[in-house]
Each structure stands twice: as structure tokens, then as C-alpha cells.
file my_file-v2.tsv (TSV, C-alpha atoms and all ligand atoms)
chain	number	residue	atom	x	y	z
W	1	MET	CA	-29.37	10.71	4.61
W	2	ASN	CA	-27.19	10.30	1.54
W	3	ILE	CA	-28.35	6.95	0.22
W	4	ARG	CA	-25.60	6.97	-2.37
W	5	SER	CA	-22.88	7.32	0.24
W	6	PRO	CA	-20.14	4.73	-0.31
W	7	LEU	CA	-20.16	4.11	3.43
W	8	LEU	CA	-23.65	2.61	3.10
W	9	ARG	CA	-22.65	-0.11	0.74
W	10	ASP	CA	-19.93	-2.68	0.44
W	11	ALA	CA	-17.75	-1.98	-2.57
W	12	LYS	CA	-17.01	-5.69	-3.02
W	13	ASN	CA	-18.86	-6.16	-6.29
W	14	GLU	CA	-17.84	-2.89	-7.86
W	15	ALA	CA	-14.18	-3.73	-7.78
W	16	SER	CA	-14.45	-6.99	-9.67
W	17	GLY	CA	-13.35	-7.86	-13.15
W	18	VAL	CA	-10.56	-5.36	-13.70
W	19	ASP	CA	-7.19	-6.53	-14.84
W	20	LEU	CA	-4.44	-4.53	-13.16
W	21	GLN	CA	-1.71	-5.84	-15.51
W	22	ASP	CA	1.53	-4.00	-14.72
W	23	ALA	CA	-0.09	-1.04	-12.92
W	24	VAL	CA	1.93	0.31	-9.98
W	25	ILE	CA	0.17	1.58	-6.85
W	26	ALA	CA	2.44	3.38	-4.39
W	27	VAL	CA	1.53	3.51	-0.69
W	28	ILE	CA	3.30	6.08	1.45
W	29	GLY	CA	2.72	7.17	5.03
W	30	SER	CA	2.68	10.91	5.68
W	31	LYS	CA	4.74	10.17	8.80
W	32	GLY	CA	6.15	7.16	10.61
W	33	GLY	CA	3.69	4.71	12.14
W	34	VAL	CA	0.50	6.00	10.50
W	35	GLY	CA	-0.43	2.53	9.20
W	36	GLY	CA	1.16	2.57	5.73
W	37	THR	CA	2.38	-1.04	5.77
W	38	THR	CA	-0.89	-2.32	7.23
W	39	LEU	CA	-2.75	-0.50	4.47
W	40	ALA	CA	-0.39	-1.73	1.72
W	41	ILE	CA	-0.86	-5.34	2.86
W	42	ASN	CA	-4.64	-5.06	3.04
W	43	LEU	CA	-4.87	-3.16	-0.23
W	44	ALA	CA	-2.81	-5.83	-2.01
W	45	ALA	CA	-5.06	-8.49	-0.46
W	46	SER	CA	-8.25	-6.64	-1.47
W	47	LEU	CA	-7.03	-6.13	-5.02
W	48	GLY	CA	-5.95	-9.78	-5.13
W	49	GLN	CA	-9.37	-10.97	-3.98
W	50	ARG	CA	-10.96	-9.15	-6.91
W	51	SER	CA	-8.63	-10.31	-9.67
W	52	SER	CA	-8.36	-13.72	-11.23
W	53	GLY	CA	-5.30	-15.60	-12.44
W	54	THR	CA	-1.91	-14.04	-11.79
W	55	ALA	CA	-1.42	-12.74	-8.29
W	56	VAL	CA	-0.86	-9.11	-7.32
W	57	THR	CA	2.66	-8.43	-6.01
W	58	LEU	CA	3.34	-6.44	-2.85
W	59	VAL	CA	6.85	-4.98	-2.97
W	60	ASP	CA	8.31	-3.83	0.32
W	61	ALA	CA	10.66	-0.97	-0.57
W	62	ASN	CA	11.76	-0.38	3.03
W	63	LEU	CA	15.28	-1.74	2.71
W	64	GLN	CA	16.23	-1.06	6.32
W	65	GLN	CA	12.95	-1.86	8.07
W	66	PRO	CA	11.15	-4.48	6.00
W	67	ASP	CA	8.02	-4.94	8.10
W	68	ALA	CA	5.63	-6.53	5.61
W	69	ALA	CA	7.23	-10.00	5.77
W	70	LEU	CA	6.97	-9.99	9.57
W	71	MET	CA	3.33	-8.90	9.42
W	72	LEU	CA	2.63	-11.71	6.95
W	73	ALA	CA	4.64	-14.39	8.82
W	74	CYS	CA	6.75	-14.87	5.74
W	75	GLU	CA	10.42	-15.82	5.75
W	76	PRO	CA	11.60	-15.11	2.23
W	77	GLN	CA	13.91	-17.79	0.85
W	78	HIS	CA	14.94	-15.37	-1.88
W	79	SER	CA	14.87	-11.64	-1.33
W	80	VAL	CA	14.67	-8.70	-3.70
W	81	VAL	CA	18.48	-8.55	-3.60
W	82	GLU	CA	18.51	-11.62	-5.89
W	83	LEU	CA	16.67	-9.48	-8.42
W	84	PHE	CA	19.13	-6.61	-7.99
W	85	LYS	CA	22.05	-8.96	-8.69
W	86	ARG	CA	20.49	-10.22	-11.90
W	87	SER	CA	18.79	-7.04	-13.08
W	88	ALA	CA	20.71	-7.00	-16.39
W	89	ALA	CA	18.94	-10.18	-17.57
W	90	LEU	CA	16.04	-11.06	-15.32
W	91	GLU	CA	14.27	-14.31	-16.10
W	92	ASN	CA	10.67	-14.80	-15.03
W	93	GLN	CA	11.70	-17.93	-13.12
W	94	ILE	CA	13.97	-15.87	-10.86
W	95	ILE	CA	11.26	-13.27	-10.29
W	96	GLU	CA	8.77	-16.01	-9.40
W	97	ALA	CA	11.25	-17.45	-6.90
W	98	CYS	CA	11.49	-14.04	-5.22
W	99	ARG	CA	7.69	-13.56	-5.08
W	100	CYS	CA	7.03	-15.33	-1.79
W	101	GLU	CA	3.81	-17.27	-1.47
W	102	LEU	CA	1.85	-16.52	1.68
W	103	SER	CA	0.21	-19.07	3.93
W	104	SER	CA	-2.81	-16.81	4.58
W	105	THR	CA	-3.80	-15.93	0.99
W	106	SER	CA	-3.06	-16.77	-2.63
W	107	GLY	CA	-4.33	-13.39	-3.86
W	108	PHE	CA	-0.99	-11.66	-3.63
W	109	ARG	CA	2.66	-12.45	-3.16
W	110	LEU	CA	5.42	-10.57	-1.41
W	111	VAL	CA	8.79	-9.37	-2.66
W	112	SER	CA	10.77	-8.42	0.44
W	113	PRO	CA	14.24	-7.14	1.26
W	114	PRO	CA	16.30	-9.43	3.53
W	115	LEU	CA	14.83	-9.32	7.01
W	116	ASP	CA	18.15	-8.38	8.64
W	117	GLY	CA	18.02	-4.94	6.97
W	118	SER	CA	21.33	-5.52	5.17
W	119	ALA	CA	19.97	-4.18	1.86
W	120	ALA	CA	19.97	-0.67	3.35
W	121	SER	CA	23.78	-0.60	3.53
W	122	GLU	CA	24.48	-2.64	0.41
W	123	ASN	CA	21.75	-1.51	-2.01
W	124	ASN	CA	19.58	1.46	-2.79
W	125	LEU	CA	16.21	2.18	-4.30
W	126	SER	CA	17.70	2.87	-7.75
W	127	GLU	CA	18.19	-0.90	-8.01
W	128	LEU	CA	14.56	-1.50	-7.11
W	129	VAL	CA	13.43	1.03	-9.71
W	130	LYS	CA	15.20	-1.04	-12.39
W	131	VAL	CA	13.46	-4.32	-11.51
W	132	ILE	CA	9.90	-3.02	-11.04
W	133	PRO	CA	8.96	-3.35	-14.76
W	134	SER	CA	10.13	-6.99	-14.78
W	135	ILE	CA	8.08	-7.73	-11.64
W	136	GLY	CA	5.14	-6.08	-13.44
W	137	ASN	CA	5.48	-8.58	-16.29
W	138	VAL	CA	4.61	-11.51	-14.04
W	139	SER	CA	2.09	-9.74	-11.78
W	140	ASN	CA	-1.47	-8.58	-11.93
W	141	GLY	CA	-0.61	-5.18	-10.46
W	142	ILE	CA	2.11	-4.07	-8.03
W	143	VAL	CA	1.51	-2.41	-4.67
W	144	ILE	CA	4.71	-0.81	-3.32
W	145	ASP	CA	5.09	0.01	0.35
W	146	LEU	CA	7.41	3.03	0.09
W	147	PRO	CA	9.85	4.50	2.59
W	148	LYS	CA	9.39	8.11	3.60
W	149	ASN	CA	12.65	9.82	2.66
W	150	LEU	CA	12.16	12.09	-0.32
W	151	ASP	CA	15.10	11.64	-2.67
W	152	ARG	CA	15.45	11.17	-6.42
W	153	TYR	CA	14.97	7.41	-6.20
W	154	LEU	CA	11.74	7.82	-4.30
W	155	VAL	CA	10.64	10.32	-6.96
W	156	THR	CA	11.38	7.76	-9.69
W	157	MET	CA	9.22	5.22	-7.84
W	158	LEU	CA	6.45	7.80	-7.45
W	159	ASP	CA	6.74	8.61	-11.17
W	160	LEU	CA	6.23	4.93	-12.01
W	161	ALA	CA	3.01	4.81	-9.99
W	162	SER	CA	-0.39	5.32	-11.58
W	163	VAL	CA	-1.90	5.93	-8.15
W	164	ILE	CA	-0.26	7.20	-4.96
W	165	VAL	CA	-2.07	6.35	-1.74
W	166	LEU	CA	-1.00	8.86	0.93
W	167	VAL	CA	-1.88	7.62	4.42
W	168	LEU	CA	-2.48	10.03	7.27
W	169	GLU	CA	-3.97	10.02	10.75
W	170	PRO	CA	-6.23	12.49	12.52
W	171	ASN	CA	-3.50	14.31	14.38
W	172	LEU	CA	-1.91	17.69	13.79
W	173	LEU	CA	1.56	16.41	12.88
W	174	SER	CA	0.29	13.87	10.39
W	175	ILE	CA	-2.00	16.45	8.75
W	176	ALA	CA	0.93	18.89	8.48
W	177	ALA	CA	3.15	16.15	7.05
W	178	ALA	CA	0.51	15.21	4.46
W	179	LYS	CA	0.35	18.86	3.37
W	180	ARG	CA	4.12	18.80	2.81
W	181	TRP	CA	3.83	15.65	0.69
W	182	LEU	CA	1.05	17.19	-1.37
W	183	ALA	CA	3.18	20.30	-1.95
W	184	ALA	CA	5.99	18.03	-3.16
W	185	PHE	CA	3.56	16.15	-5.44
W	186	GLU	CA	2.36	19.45	-6.87
W	187	ASP	CA	5.98	20.45	-7.53
W	188	LEU	CA	6.35	17.15	-9.35
W	189	ASP	CA	3.28	18.07	-11.47
W	190	TYR	CA	1.26	15.06	-10.35
W	191	PRO	CA	-2.44	15.58	-11.06
W	192	ALA	CA	-4.82	15.39	-8.08
W	193	GLU	CA	-6.41	12.27	-9.66
W	194	LYS	CA	-3.14	10.40	-9.18
W	195	ILE	CA	-3.35	10.90	-5.41
W	196	LEU	CA	-5.73	9.23	-3.02
W	197	LEU	CA	-5.66	10.35	0.60
W	198	VAL	CA	-6.63	7.74	3.18
W	199	ALA	CA	-7.35	8.85	6.73
W	200	ASN	CA	-6.49	5.93	8.99
W	201	ARG	CA	-7.47	5.20	12.60
W	202	LEU	CA	-10.63	7.33	12.55
W	203	GLY	CA	-13.15	7.31	15.37
W	204	GLY	CA	-10.96	8.62	18.21
W	205	LYS	CA	-12.02	11.13	20.80
W	206	PHE	CA	-10.65	14.26	19.13
W	207	LYS	CA	-13.54	14.82	16.74
W	208	PHE	CA	-12.50	18.38	15.95
W	209	VAL	CA	-9.14	17.14	14.62
W	210	GLU	CA	-10.96	14.67	12.33
W	211	GLU	CA	-13.19	17.51	11.16
W	212	GLN	CA	-10.13	19.62	10.52
W	213	LEU	CA	-8.56	16.80	8.53
W	214	PHE	CA	-11.52	16.60	6.17
W	215	VAL	CA	-11.53	20.33	5.41
W	216	SER	CA	-7.75	20.59	5.06
W	217	PHE	CA	-7.28	19.05	1.62
W	218	SER	CA	-9.65	20.61	-0.89
W	219	GLY	CA	-9.37	19.15	-4.37
W	220	TYR	CA	-8.31	15.70	-3.12
W	221	GLU	CA	-10.46	12.65	-2.45
W	222	ILE	CA	-10.10	11.44	1.14
W	223	LEU	CA	-11.23	7.94	2.10
W	224	ARG	CA	-11.68	6.64	5.63
W	225	LEU	CA	-10.36	3.69	7.58
W	226	PRO	CA	-11.60	3.12	11.13
W	227	ASN	CA	-9.51	2.50	14.18
W	228	ALA	CA	-8.91	-1.24	14.40
W	229	TYR	CA	-6.23	-1.58	17.04
W	230	SER	CA	-6.82	-5.09	18.36
W	231	LEU	CA	-7.64	-6.52	14.93
W	232	SER	CA	-4.53	-5.07	13.31
W	233	GLU	CA	-2.35	-6.39	16.15
W	234	SER	CA	-3.95	-9.85	16.22
W	235	CYS	CA	-3.72	-10.16	12.42
W	236	ALA	CA	-0.06	-9.13	12.49
W	237	ILE	CA	0.58	-11.82	15.12
W	238	ALA	CA	-1.32	-14.36	12.99
W	239	GLY	CA	0.51	-13.21	9.85
W	240	ALA	CA	-2.69	-12.57	7.92
W	241	PRO	CA	-4.26	-9.49	6.30
W	242	ILE	CA	-7.31	-8.15	8.14
W	243	VAL	CA	-9.42	-8.35	4.94
W	244	VAL	CA	-8.65	-12.06	4.67
W	245	LYS	CA	-9.10	-13.00	8.32
W	246	HIS	CA	-12.00	-10.66	9.14
W	247	PRO	CA	-13.71	-9.82	5.83
W	248	LYS	CA	-16.87	-8.57	7.55
W	249	ASP	CA	-15.14	-6.13	9.89
W	250	ASN	CA	-15.63	-2.40	9.25
W	251	TYR	CA	-11.91	-2.01	8.48
W	252	SER	CA	-12.24	-4.62	5.70
W	253	LYS	CA	-15.39	-2.98	4.30
W	254	ALA	CA	-13.64	0.40	4.27
W	255	MET	CA	-10.56	-1.17	2.68
W	256	ARG	CA	-12.67	-2.56	-0.15
W	257	ILE	CA	-13.87	0.99	-0.80
W	258	VAL	CA	-10.22	2.08	-1.00
W	259	ALA	CA	-9.51	-0.79	-3.44
W	260	ALA	CA	-12.54	0.15	-5.54
W	261	SER	CA	-11.35	3.75	-5.73
W	262	VAL	CA	-7.88	2.59	-6.79
W	263	TYR	CA	-9.49	0.46	-9.53
W	264	ASP	CA	-11.55	3.43	-10.72
W	265	ARG	CA	-8.46	5.59	-10.98
W	266	LEU	CA	-6.56	2.88	-12.85
W	267	LYS	CA	-9.47	2.54	-15.29
W	268	GLN	CA	-9.31	6.28	-15.91
W	269	THR	CA	-5.56	6.25	-16.56
W	270	THR	CA	-5.55	3.22	-18.93
T	1	LIG	N1	-6.60	1.36	11.41
T	1	LIG	C1	-5.79	1.05	12.42
T	1	LIG	N2	-6.25	1.06	13.69
T	1	LIG	C2	-5.46	0.79	14.73
T	1	LIG	N3	-4.16	0.44	14.62
T	1	LIG	C3	-3.63	0.41	13.38
T	1	LIG	C4	-4.41	0.71	12.22
T	1	LIG	N4	-3.60	0.61	11.13
T	1	LIG	C5	-2.40	0.24	11.60
T	1	LIG	N5	-2.40	0.12	12.94
T	1	LIG	C6	-1.29	-0.25	13.83
T	1	LIG	O1	-0.38	0.83	13.86
T	1	LIG	C7	0.96	0.35	13.99
T	1	LIG	C8	1.80	0.91	12.85
T	1	LIG	O2	1.30	0.36	11.64
T	1	LIG	P1	2.23	0.18	10.36
T	1	LIG	O3	3.48	-0.56	10.69
T	1	LIG	O4	1.37	-0.31	9.29
T	1	LIG	O5	2.59	1.73	10.11
T	1	LIG	P2	3.67	2.33	9.10
T	1	LIG	O6	3.13	3.65	8.68
T	1	LIG	O7	3.96	1.36	8.03
T	1	LIG	O8	4.93	2.50	10.04
T	1	LIG	P3	6.46	2.78	9.61
T	1	LIG	O9	6.57	4.27	9.52
T	1	LIG	O10	7.25	2.19	10.73
T	1	LIG	O11	6.70	2.12	8.29
T	1	LIG	C9	0.87	-1.17	13.98
T	1	LIG	O12	0.90	-1.61	15.32
T	1	LIG	C10	-0.48	-1.44	13.36
T	1	LIG	O13	-1.04	-2.66	13.83
T	2	MG	MG	5.78	0.62	7.31
call {"tool": "encode", "arguments": {"input": "my_file-v2.tsv", "output": "C-alpha cells"}}
result
Amino acid sequence: MNIRSPLLRDAKNEASGVDLQDAVIAVIGSKGGVGGTTLAINLAASLGQRSSGTAVTLVDANLQQPDAALMLACEPQHSVVELFKRSAALENQIIEACRCELSSTSGFRLVSPPLDGSAASENNLSELVKVIPSIGNVSNGIVIDLPKNLDRYLVTMLDLASVIVLVLEPNLLSIAAAKRWLAAFEDLDYPAEKILLVANRLGGKFKFVEEQLFVSFSGYEILRLPNAYSLSESCAIAGAPIVVKHPKDNYSKAMRIVAASVYDRLKQTT
């Protein structure tokens, strides 16, 4: 038995005491539906639980399908579009008004596009790129839930990130998609230390596919999140992160290991 294995201990204490300041952590799914938004929410909550003072900000960059607000039962009074309109001279007061407080946790706040998806036709990610540094000024770290279309704006967002969390599932299409993302990241000259792979929904019946996943990405760290179907659904209905509502569940323990790894990488890059 490997007594040092991170799976044998809870990473809770290791992740404490680090100030994230204006660090940007990008979360991107290798394909649709792999659990990117669920991970971004729970990562922001885990990072928020470990930091004191100013809250972490979760930015939902999915202008057409802004799911995070729905999963957090949050109806933003002021959306990110307010920030786009005032990007030339953004005051902290305006940014604070757009960082929605959440009923389930005070550890992070949400900046969301309008829930009707209108930002997709009226705005684009270049506007979000401009306001990220200002959001960083009032936050203790930013987690961005990114869309999956590779264009120059997405690249600018990825460039801003100190850590990219690439989420994949143990199935052939998701593994193939993750390989394509990694090829793109290599073309962009991102070092392997900037990228953290997270295999979500582990523990299914196709063990050989899981085994294949773990031998498919040499040179990259791969962390594990277990299947947590009913918990993730019930927490989405309740509008609360899993790590807040069920801190002792295996998904939450594994998520704290992800958060600890993100902290470690941020420490190395600052
Ligand atoms: N570890 C998990 N175990 C089981 N179900 C999960 C897990 N993580 C997420 N889910 C569920 O999978 C579904 C998709 O999750 P989510 O919306 O986070 O994915 P996504 O990658 O953000 O999707 P999209 O491509 O639409 O943005 C949701 O119903 C969510 O509750
Ligand atoms: Mg999503």
C-alpha cells in the first residue's frame, strides 16, 4: 500500500493559508456535459473555504448557456454585461454589485451572464477578457468556467490563467477530445505544469476505459473525481455546491485534493 497516496488523506489542511490574490484558474470541459461547471463551482467553493477575507469569484464565461447561476439558485440582479458597458472606467463598487452573493456559501461569489442567454448575440468574450483584471482586484482568486469553442478570445482567457483544469470522463470520445485540447495547449507553448487533468465520474463499469485514461496522458498530472450522480443532481436542485452541503462525501474529499493541487501550482508560479 502506498501510505503517502493522496487518496488516503484529506487535503483539507494542506490547502490552507494561501492567498490567491488575482490568480486566474480556468476550468474547461474536454467535451460537452463532462462536469466542467459542477467542477468549477465546487473548486471555487473549496478554494473559498480555505481562504480568509475577500471571497473568490467564479466567472461564468458561457454567454449563451450560463448554467452556474441556475446550479447555485442565484438570480443575478446585475450581470457581467454591466461590467462590459463600463469597462473603460470600472469602479470597484460596480464590480461588487455584479459579484452575486450566494445563499449557500460566503466563500465565493458569482459573476454571471444574463440568464436569458442574450449576451451571446450582443457581446463576446473579448469584452470579458478586458474586465477580468478588474474583477481580480476585488477577489481572492478567479475561477472561470470556460466555453469550449477554441477561438482567439478563448486563447486570451487561457493565456490569462495560471492553471488550466481540463475535465474529462472515462469514455473514448472524451479521452480523444482531451488529447486534442492538449495538442492545442502544446501549440500555445503552455508548460505541462500549467495544466491539471481531472478525470470526472470515475467508478463506472468500464474499468478498462478508466485504465486507458490513466495511461493516455504521460507527462500530465491526472486527479480523480468519483461518480456522484444523485449528489450532484440534488445539490443542483438545492442550489448549493456539493463540498458545502456534503463536505464528508468522497466527491468533496477528492475535490479538496484538486483544490490543494491548484494551490500548489499557484505557489510554484508566484
Ligand atoms: N462526478 C459526477 N458524477 C455524476 N454526475 C455528475 C458529476 N459531475 C457532474 N455531473 C452531472 O453531469 C451533468 C453535466 O454536468 P455539468 O453541467 O457540470 O457539465 P458541463 O461540462 O459543464 O456541461 P456543458 O458542456 O453543458 O457546459 C449534470 O447533470 C451534473 O449534475
Ligand atoms: Mg457547463
call {"tool": "residues_near_ligand", "arguments": {"input": "my_file-v2.tsv", "ligand": "ligand LIG 1 (chain T)", "cutoff": "7 Å", "atoms": "all atoms listed in the file", "output": "CSV table (one decimal) with C-alpha atoms, keeping the file's coordinate frame"}}
result
chain,number,residue,atom,x,y,z
W,29,GLY,CA,2.7,7.2,5.0
W,31,LYS,CA,4.7,10.2,8.8
W,32,GLY,CA,6.2,7.2,10.6
W,33,GLY,CA,3.7,4.7,12.1
W,34,VAL,CA,0.5,6.0,10.5
W,35,GLY,CA,-0.4,2.5,9.2
W,36,GLY,CA,1.2,2.6,5.7
W,37,THR,CA,2.4,-1.0,5.8
W,38,THR,CA,-0.9,-2.3,7.2
W,39,LEU,CA,-2.8,-0.5,4.5
W,67,ASP,CA,8.0,-4.9,8.1
W,147,PRO,CA,9.8,4.5,2.6
W,200,ASN,CA,-6.5,5.9,9.0
W,201,ARG,CA,-7.5,5.2,12.6
W,225,LEU,CA,-10.4,3.7,7.6
W,226,PRO,CA,-11.6,3.1,11.1
W,227,ASN,CA,-9.5,2.5,14.2
W,228,ALA,CA,-8.9,-1.2,14.4
W,229,TYR,CA,-6.2,-1.6,17.0
W,232,SER,CA,-4.5,-5.1,13.3
W,233,GLU,CA,-2.4,-6.4,16.2
W,236,ALA,CA,-0.1,-9.1,12.5
W,251,TYR,CA,-11.9,-2.0,8.5
call {"tool": "residues_around", "arguments": {"input": "my_file-v2.tsv", "residues": "Lys130 (chain W)", "least_positions_apart": "4", "cutoff": "9 Å", "atoms": "all atoms listed in the file", "output": "PyMOL selection string"}}
result
chain W and resi 84+87+125-126+134
call {"tool": "closest_residue", "arguments": {"input": "my_file-v2.tsv", "among": "W:Ile237, W:Ala44, W:Leu146, W:Ile95", "to": "Ala26 (chain W)", "atoms": "only C-alpha atoms"}}
result
W:Leu146
call {"tool": "atom_distance", "arguments": {"input": "my_file-v2.tsv", "atom1": "CA of Arg224 (chain W)", "atom2": "CA of Asp264 (chain W)"}}
result
16.7 Å
call {"tool": "closest_residue", "arguments": {"input": "my_file-v2.tsv", "among": "W:Leu266, W:Leu43, W:Leu188, W:Leu158", "to": "Ala254 (chain W)", "atoms": "all atoms listed in the file"}}
result
W:Leu43
call {"tool": "closest_residue", "arguments": {"input": "my_file-v2.tsv", "among": "W:Gln268, W:Gln65, W:Ser216, W:Ser51", "to": "ligand MG 2 (chain T)", "atoms": "only C-alpha atoms and all ligand atoms"}}
result
W:Gln65
call {"tool": "residues_around", "arguments": {"input": "my_file-v2.tsv", "residues": "Glu96 (chain W)", "least_positions_apart": "5", "cutoff": "10 Å", "atoms": "only C-alpha atoms", "output": "PDB file with C-alpha atoms, keeping the file's coordinate frame"}}
result
ATOM      1  CA  HIS W  78      14.940 -15.370  -1.880  1.00  0.00           C
ATOM      2  CA  GLU W  91      14.270 -14.310 -16.100  1.00  0.00           C
ATOM      3  CA  GLU W 101       3.810 -17.270  -1.470  1.00  0.00           C
ATOM      4  CA  ARG W 109       2.660 -12.450  -3.160  1.00  0.00           C
ATOM      5  CA  VAL W 111       8.790  -9.370  -2.660  1.00  0.00           C
ATOM      6  CA  ILE W 135       8.080  -7.730 -11.640  1.00  0.00           C
ATOM      7  CA  VAL W 138       4.610 -11.510 -14.040  1.00  0.00           C
ATOM      8  CA  SER W 139       2.090  -9.740 -11.780  1.00  0.00           C
TER       9      SER W 139
END
call {"tool": "closest_residue", "arguments": {"input": "my_file-v2.tsv", "among": "W:Pro247, W:Pro191, W:Gly107, W:Pro170", "to": "Thr54 (chain W)", "atoms": "all atoms listed in the file"}}
result
W:Gly107
call {"tool": "closest_residue", "arguments": {"input": "my_file-v2.tsv", "among": "W:Val165, W:Ala97, W:Leu83, W:Met71", "to": "ligand MG 2 (chain T)", "atoms": "all atoms listed in the file"}}
result
W:Met71
call {"tool": "atom_distance", "arguments": {"input": "my_file-v2.tsv", "atom1": "CA of Lys253 (chain W)", "atom2": "CA of Leu72 (chain W)"}}
result
20.2 Å
call {"tool": "atom_distance", "arguments": {"input": "my_file-v2.tsv", "atom1": "CA of Pro76 (chain W)", "atom2": "CA of Leu154 (chain W)"}}
result
23.8 Å
call {"tool": "closest_residue", "arguments": {"input": "my_file-v2.tsv", "among": "W:Thr57, W:Gln64, W:Thr156, W:Asn137", "to": "ligand MG 2 (chain T)", "atoms": "all atoms listed in the file"}}
result
W:Gln64
call {"tool": "residues_around", "arguments": {"input": "my_file-v2.tsv", "residues": "Lys245 (chain W)", "least_positions_apart": "2", "cutoff": "10 Å", "atoms": "only C-alpha atoms", "output": "list in words"}}
result
Ser104, Thr105, Leu231, Ser234, Cys235, Ala238, Gly239, Ala240, Pro241, Ile242, Val243, Pro247, Lys248, Asp249 and Ser252 of chain W
call {"tool": "build_atoms", "arguments": {"input": "my_file-v2.tsv", "residues": "region 219-233 of chain W", "atoms": "N, CA and C atoms", "output": "mmCIF file, keeping the file's coordinate frame"}}
result
data_model
loop_
_atom_site.group_PDB
_atom_site.id
_atom_site.type_symbol
_atom_site.label_atom_id
_atom_site.label_comp_id
_atom_site.auth_asym_id
_atom_site.auth_seq_id
_atom_site.Cartn_x
_atom_site.Cartn_y
_atom_site.Cartn_z
ATOM 1 N N GLY W 219 -9.854 19.592 -3.056
ATOM 2 C CA GLY W 219 -9.370 19.150 -4.370
ATOM 3 C C GLY W 219 -8.893 17.711 -4.375
ATOM 4 N N TYR W 220 -8.767 17.100 -3.197
ATOM 5 C CA TYR W 220 -8.310 15.700 -3.120
ATOM 6 C C TYR W 220 -9.410 14.825 -2.510
ATOM 7 N N GLU W 221 -9.520 13.605 -3.051
ATOM 8 C CA GLU W 221 -10.460 12.650 -2.450
ATOM 9 C C GLU W 221 -9.822 12.075 -1.179
ATOM 10 N N ILE W 222 -10.606 12.025 -0.116
ATOM 11 C CA ILE W 222 -10.100 11.440 1.140
ATOM 12 C C ILE W 222 -11.014 10.275 1.516
ATOM 13 N N LEU W 223 -10.446 9.093 1.649
ATOM 14 C CA LEU W 223 -11.230 7.940 2.100
ATOM 15 C C LEU W 223 -10.902 7.662 3.568
ATOM 16 N N ARG W 224 -11.751 6.829 4.179
ATOM 17 C CA ARG W 224 -11.680 6.640 5.630
ATOM 18 C C ARG W 224 -11.391 5.203 6.004
ATOM 19 N N LEU W 225 -10.528 5.019 6.980
ATOM 20 C CA LEU W 225 -10.360 3.690 7.580
ATOM 21 C C LEU W 225 -10.548 3.839 9.090
ATOM 22 N N PRO W 226 -11.344 2.971 9.689
ATOM 23 C CA PRO W 226 -11.600 3.120 11.130
ATOM 24 C C PRO W 226 -10.440 2.619 11.985
ATOM 25 N N ASN W 227 -10.461 3.052 13.223
ATOM 26 C CA ASN W 227 -9.510 2.500 14.180
ATOM 27 C C ASN W 227 -9.785 1.000 14.338
ATOM 28 N N ALA W 228 -8.726 0.205 14.307
ATOM 29 C CA ALA W 228 -8.910 -1.240 14.400
ATOM 30 C C ALA W 228 -7.717 -1.819 15.146
ATOM 31 N N TYR W 229 -7.474 -1.260 16.333
ATOM 32 C CA TYR W 229 -6.230 -1.580 17.040
ATOM 33 C C TYR W 229 -6.065 -3.076 17.304
ATOM 34 N N SER W 230 -7.062 -3.688 17.969
ATOM 35 C CA SER W 230 -6.820 -5.090 18.360
ATOM 36 C C SER W 230 -6.819 -6.011 17.145
ATOM 37 N N LEU W 231 -7.659 -5.683 16.145
ATOM 38 C CA LEU W 231 -7.640 -6.520 14.930
ATOM 39 C C LEU W 231 -6.312 -6.439 14.205
ATOM 40 N N SER W 232 -5.778 -5.201 14.068
ATOM 41 C CA SER W 232 -4.530 -5.070 13.310
ATOM 42 C C SER W 232 -3.392 -5.777 14.056
ATOM 43 N N GLU W 233 -3.407 -5.692 15.378
ATOM 44 C CA GLU W 233 -2.350 -6.390 16.150
ATOM 45 C C GLU W 233 -2.526 -7.903 16.055
#
